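So the structure is just underneath, and the comments pick up after that.
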Amino acid sequence: MLVIFLYGFNLGHYIYMTTILYSHDACFGHNPHVGHPECPERLSAILSALDAPNFKNLKNCQPPLATVEQIVRVHDYSYVTWALAEMKERGNVIFDNDTCTSVGSYEAALRAAGSVCAAIDSIMAEKAKNAFCAIRPPGHHAEHSHAMGFCFFNNVAVGAAHARCVHGLERVAVIDFDVHHGNGTQTAFWNDPNLFFGSTHQSPLYPGTGNKNERGVAGNIINVPLKPCAGSEEFRNAMDNIVFPALREFSPDFLLISAGFDAHSDDPLASLNFIDDDYYWVTNQLCAIAADYCRCRLVSTLEGGYHLESLGRSAAAHVAALIDAQ
């Protein structure tokens with residue numbers, strides 16, 4: 001008698017059940033200055049929360065350094081080479097009042113961008129169903145030719161370009177629920193109808209972009225500004241009624257998440273009132289859409305979140321939903 005055990009079998013397709021956690025000690029080396037909100041302790045809070053017993057099945061991987069070739073698919077070559085040279089040779093570089101480096105920033109920035117590319121490679125090789133990149137510095141504010149908003153290279157946009165150029169995927173979507181609008185990602189996606197960017201964010205707030213009338217070349221940009229003090233109800237309504245339907249209509253081949261946790265009610269840099277469970281809920285919904293449209297292919301990368309305790313809890317809720325996804 002022949003007995004066959006099927007693991008995660010779904011409509012004739014083998015679904016790998018692993019969630020990969022990408023992180024690297026080099027990301028602790030980016031230390032802008034004492035008192036800066038984008039501090040190494042952010043990563044410590046997340047990794048400590050993910051050290052709980054319910055995350056024991058996470059597969060831990062260390063990301064490679066991104067290459068200049070990968071980064072210049074999104075950023076100006078002159079900017080990239082200049083920024084990397086300044087970081088490597090000088091260490092302490094002030095890009096603007098909010099955005100500065102330390103001796104360890106060179107490697108941290110390359111590991112951050114490299115993590116998203118490596119995670120996409122793993123998903124495409126069917127080594128996992130999804131991945132979370134617990135990295136820093138963040139990326140979604142970085143523009144084509146300049147750093148801003150704590151960000152040097154746009155990690156999620158670099159990943160989207162990698163998915164298309166290396167793996168031949170046509171339609172790539174990014175969902176960004178950071179409290180600040182991902183202006184850099186929007187700019188990178190604006191003129192390409194096969195790239196989708198959907199964002200909820202507080203408005204008015206830095207960086208001042210993300211009006212609902214900013215729609216991209218083919219309606220491929222969806223912005224839902226939320227008023228100060230908005231909370232779970234407003235967030236879930238925005239996702240359910242605006243962002244998710246547009247994402248389904250776009251029908252992505254790969255789904256990326258800019259996972260910012262600074263819309264939490266405890267966060268000091270803004271005034272939205274999300275709770276821990278909102279991050280489980282939105283991640284669960286996005287995983288379901290990924291299962292329906294792109295064979296579960298989903299990679300998430302860390303953006304904001306500056307209250308250490310709520311950051312750890314929110315990231316844990318996010319990763320728990322990735323693990324629970326079917």
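Please note that chains go A, B, ... in the order of the structure tokens, that every chain numbers its residues from 1, and that ligands are numbered from 1 in the order shown.
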
Please extract the residues of stretch 36-195 of chain A with a backbone DSSP assignment of helix (DSSP H, G or I) and present them as an NGL selection string.
:A and (40-49 or 53-55 or 68-71 or 77-90 or 105-124 or 155-167 or 183-189)

Can you list every residue of stretch 232-278 of chain A that has an atom at most 12 Å from stretch 135-148 of chain A, with its nearest atom pair and the distance in Å to one decimal, using only C-alpha atoms, ordered by chain then number, as JSON lines?
{"residue": "A:Ile257", "atom": "CA", "partner": "A:His140", "partner_atom": "CA", "distance": 10.6}
{"residue": "A:Ser258", "atom": "CA", "partner": "A:His140", "partner_atom": "CA", "distance": 7.4}
{"residue": "A:Ala259", "atom": "CA", "partner": "A:Pro138", "partner_atom": "CA", "distance": 9.8}
{"residue": "A:Gly260", "atom": "CA", "partner": "A:Pro138", "partner_atom": "CA", "distance": 9.1}
{"residue": "A:Phe261", "atom": "CA", "partner": "A:Pro138", "partner_atom": "CA", "distance": 11.9}

Just checking: using only C-alpha atoms, which residue out of A:Phe55, A:Phe28, A:Tyr79, A:Phe150 ends up closest to A:Val103?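 That would be A:Phe28, the residue with the smallest distance to A:Val103.
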
Practice prompt. Give me every strand (DSSP E) residue in stretch 43-261 of chain A, going by DSSP on the backbone, as a PyMOL selection string.
Written response: chain A and resi 59-61+130-133+172-176+195-202+221-226+254-259

Interface rows for stretch 130-190 of chain A against stretch 291-305 of chain A: nearest pair, Å to one decimal, 6 Å, only C-alpha atoms, as CSV:
residue,atom,partner,partner_atom,distance
A:Asn130,CA,A:Leu298,CA,4.9
A:Ala131,CA,A:Val299,CA,4.8
A:Phe132,CA,A:Ser300,CA,4.7
A:Cys133,CA,A:Thr301,CA,4.6
A:Ala134,CA,A:Leu302,CA,5.6
A:Pro138,CA,A:Glu303,CA,4.7

Atoms to include: N, CA and C atoms. Write the selected residues as a PDB file, in the first residue's frame.
ATOM      1  N   ASN A 130       6.699  33.131   2.259  1.00  0.00           N
ATOM      2  CA  ASN A 130       6.783  34.578   2.422  1.00  0.00           C
ATOM      3  C   ASN A 130       7.991  34.895   3.295  1.00  0.00           C
ATOM      4  N   ALA A 131       8.267  36.181   3.476  1.00  0.00           N
ATOM      5  CA  ALA A 131       9.446  36.589   4.239  1.00  0.00           C
ATOM      6  C   ALA A 131       9.230  37.966   4.846  1.00  0.00           C
ATOM      7  N   PHE A 132       9.916  38.190   5.978  1.00  0.00           N
ATOM      8  CA  PHE A 132       9.955  39.501   6.619  1.00  0.00           C
ATOM      9  C   PHE A 132      11.410  39.917   6.749  1.00  0.00           C
ATOM     10  N   CYS A 133      11.718  41.121   6.270  1.00  0.00           N
ATOM     11  CA  CYS A 133      13.072  41.669   6.344  1.00  0.00           C
ATOM     12  C   CYS A 133      13.138  42.644   7.515  1.00  0.00           C
ATOM     13  N   ALA A 134      13.718  42.184   8.623  1.00  0.00           N
ATOM     14  CA  ALA A 134      13.882  43.027   9.809  1.00  0.00           C
ATOM     15  C   ALA A 134      15.220  43.737   9.675  1.00  0.00           C
ATOM     16  N   PRO A 138      15.552  52.189   7.003  1.00  0.00           N
ATOM     17  CA  PRO A 138      14.373  52.015   6.157  1.00  0.00           C
ATOM     18  C   PRO A 138      14.608  52.634   4.778  1.00  0.00           C
TER      19      PRO A 138
END

The residue from A:Leu50, A:Cys100, A:Phe153, A:Leu21 with the smallest atom-to-atom distance to A:Tyr77, counting only C-alpha atoms, is A:Phe153

Name the residues in contact with stretch 210-223 of chain A at a cut-off of 9 Å, using only C-alpha atoms, excluding same-chain residues fewer than 5 positions from it; report them as a PDB file with N, CA and C atoms, in the first residue's frame.
ATOM      1  N   HIS A 180       3.777  57.556   7.633  1.00  0.00           N
ATOM      2  CA  HIS A 180       4.268  58.573   6.694  1.00  0.00           C
ATOM      3  C   HIS A 180       4.155  58.051   5.259  1.00  0.00           C
ATOM      4  N   HIS A 181       3.765  58.903   4.374  1.00  0.00           N
ATOM      5  CA  HIS A 181       3.606  58.514   2.974  1.00  0.00           C
ATOM      6  C   HIS A 181       4.943  58.118   2.354  1.00  0.00           C
ATOM      7  N   GLY A 182       4.957  57.033   1.599  1.00  0.00           N
ATOM      8  CA  GLY A 182       6.169  56.567   0.930  1.00  0.00           C
ATOM      9  C   GLY A 182       6.401  57.306  -0.374  1.00  0.00           C
ATOM     10  N   ASN A 183       6.823  58.540  -0.275  1.00  0.00           N
ATOM     11  CA  ASN A 183       6.990  59.391  -1.453  1.00  0.00           C
ATOM     12  C   ASN A 183       7.993  58.822  -2.450  1.00  0.00           C
ATOM     13  N   GLN A 186       6.384  55.978  -4.416  1.00  0.00           N
ATOM     14  CA  GLN A 186       5.423  56.551  -5.367  1.00  0.00           C
ATOM     15  C   GLN A 186       6.137  57.126  -6.588  1.00  0.00           C
ATOM     16  N   THR A 187       7.206  57.870  -6.363  1.00  0.00           N
ATOM     17  CA  THR A 187       7.949  58.454  -7.488  1.00  0.00           C
ATOM     18  C   THR A 187       8.507  57.368  -8.400  1.00  0.00           C
ATOM     19  N   PHE A 189       7.377  54.458  -8.954  1.00  0.00           N
ATOM     20  CA  PHE A 189       6.334  53.676  -9.625  1.00  0.00           C
ATOM     21  C   PHE A 189       5.455  54.521 -10.539  1.00  0.00           C
ATOM     22  N   TRP A 190       5.542  55.819 -10.438  1.00  0.00           N
ATOM     23  CA  TRP A 190       4.558  56.728 -11.032  1.00  0.00           C
ATOM     24  C   TRP A 190       4.314  56.473 -12.518  1.00  0.00           C
ATOM     25  N   ASN A 191       5.361  56.304 -13.284  1.00  0.00           N
ATOM     26  CA  ASN A 191       5.240  56.253 -14.748  1.00  0.00           C
ATOM     27  C   ASN A 191       5.144  54.849 -15.327  1.00  0.00           C
ATOM     28  N   ASP A 192       4.963  53.845 -14.506  1.00  0.00           N
ATOM     29  CA  ASP A 192       4.917  52.467 -14.993  1.00  0.00           C
ATOM     30  C   ASP A 192       3.589  51.829 -14.603  1.00  0.00           C
ATOM     31  N   PRO A 193       2.701  51.570 -15.558  1.00  0.00           N
ATOM     32  CA  PRO A 193       1.399  51.009 -15.226  1.00  0.00           C
ATOM     33  C   PRO A 193       1.454  49.596 -14.674  1.00  0.00           C
ATOM     34  N   ASN A 194       2.600  48.924 -14.790  1.00  0.00           N
ATOM     35  CA  ASN A 194       2.750  47.574 -14.265  1.00  0.00           C
ATOM     36  C   ASN A 194       3.330  47.543 -12.858  1.00  0.00           C
ATOM     37  N   LEU A 195       3.453  48.714 -12.239  1.00  0.00           N
ATOM     38  CA  LEU A 195       3.833  48.827 -10.833  1.00  0.00           C
ATOM     39  C   LEU A 195       2.692  49.499 -10.090  1.00  0.00           C
ATOM     40  N   PHE A 196       2.310  48.924  -8.968  1.00  0.00           N
ATOM     41  CA  PHE A 196       1.173  49.422  -8.173  1.00  0.00           C
ATOM     42  C   PHE A 196       1.669  49.831  -6.798  1.00  0.00           C
ATOM     43  N   PHE A 197       1.231  51.001  -6.350  1.00  0.00           N
ATOM     44  CA  PHE A 197       1.561  51.478  -5.009  1.00  0.00           C
ATOM     45  C   PHE A 197       0.289  51.885  -4.309  1.00  0.00           C
ATOM     46  N   GLY A 198       0.009  51.234  -3.177  1.00  0.00           N
ATOM     47  CA  GLY A 198      -1.150  51.580  -2.371  1.00  0.00           C
ATOM     48  C   GLY A 198      -0.720  51.969  -0.974  1.00  0.00           C
ATOM     49  N   SER A 199      -1.195  53.107  -0.484  1.00  0.00           N
ATOM     50  CA  SER A 199      -0.720  53.634   0.790  1.00  0.00           C
ATOM     51  C   SER A 199      -1.846  54.204   1.634  1.00  0.00           C
ATOM     52  N   THR A 200      -1.842  53.840   2.923  1.00  0.00           N
ATOM     53  CA  THR A 200      -2.574  54.600   3.924  1.00  0.00           C
ATOM     54  C   THR A 200      -1.547  55.321   4.776  1.00  0.00           C
ATOM     55  N   HIS A 201      -1.854  56.543   5.192  1.00  0.00           N
ATOM     56  CA  HIS A 201      -0.887  57.361   5.919  1.00  0.00           C
ATOM     57  C   HIS A 201      -1.614  58.551   6.524  1.00  0.00           C
ATOM     58  N   SER A 203      -2.371  62.393   7.207  1.00  0.00           N
ATOM     59  CA  SER A 203      -2.230  63.657   6.484  1.00  0.00           C
ATOM     60  C   SER A 203      -3.084  64.719   7.179  1.00  0.00           C
ATOM     61  N   ILE A 242     -11.072  50.551  -0.456  1.00  0.00           N
ATOM     62  CA  ILE A 242     -10.321  51.273  -1.486  1.00  0.00           C
ATOM     63  C   ILE A 242      -9.058  50.515  -1.912  1.00  0.00           C
ATOM     64  N   VAL A 243      -8.178  50.223  -0.953  1.00  0.00           N
ATOM     65  CA  VAL A 243      -6.874  49.659  -1.322  1.00  0.00           C
ATOM     66  C   VAL A 243      -6.997  48.225  -1.811  1.00  0.00           C
ATOM     67  N   ALA A 246      -8.589  47.802  -5.328  1.00  0.00           N
ATOM     68  CA  ALA A 246      -7.668  48.251  -6.379  1.00  0.00           C
ATOM     69  C   ALA A 246      -6.530  47.261  -6.576  1.00  0.00           C
ATOM     70  N   PHE A 250      -5.614  45.148  -9.942  1.00  0.00           N
ATOM     71  CA  PHE A 250      -4.269  45.165 -10.521  1.00  0.00           C
ATOM     72  C   PHE A 250      -3.753  43.756 -10.778  1.00  0.00           C
TER      73      PHE A 250
END

Polymer residues at most 10 Å from A:Asp277, only C-alpha atoms, same-chain spacing of 3 or more positions, as a PyMOL selection string
chain A and resi 232+274+280-283+313-314+317-318

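Closest approach to A:Ala160 from the set A:Asp96, A:Glu233, A:Asp253, A:Glu309 is made by A:Asp253, with distances taken over only C-alpha atoms.
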
What does the distance from atom CA of A:His307 to atom CA of A:Leu272 come to in Å, to one decimal?
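These two atoms are separated by 13.2 Å.
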
Between A:Ala288, A:Leu308, A:Ile20, A:Ile94, smallest distance to A:Ser122 by only C-alpha atoms belongs to A:Ile20

What does the structure give for the distance between atom CA of A:Ser115 and atom CA of A:Pro63, in Å to one decimal?
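Computing it gives 4.6 Å between the two atoms.
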
From atom CA of A:Asp262 to atom CA of A:Gly208 the spacing works out at 16.4 Å

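Shortest atom-to-atom contact with A:Asp176 among A:His162, A:Val224, A:Lys88, A:Val68: A:Val224, counting only C-alpha atoms.
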
Can you tell me, as a VMD selection string, what residues are no more than 9 Å from stretch 310-312 of chain A when counting only C-alpha atoms, ignoring any on the same chain fewer than 3 positions away?
chain A and resid 42 to 50 261 to 262 264 to 267 275 to 276 304 to 307 315 to 317

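Nearest to A:Glu170 of all the residues A:Pro252, A:Ala26, A:His75, A:Thr67 is A:Pro252, counting only C-alpha atoms.
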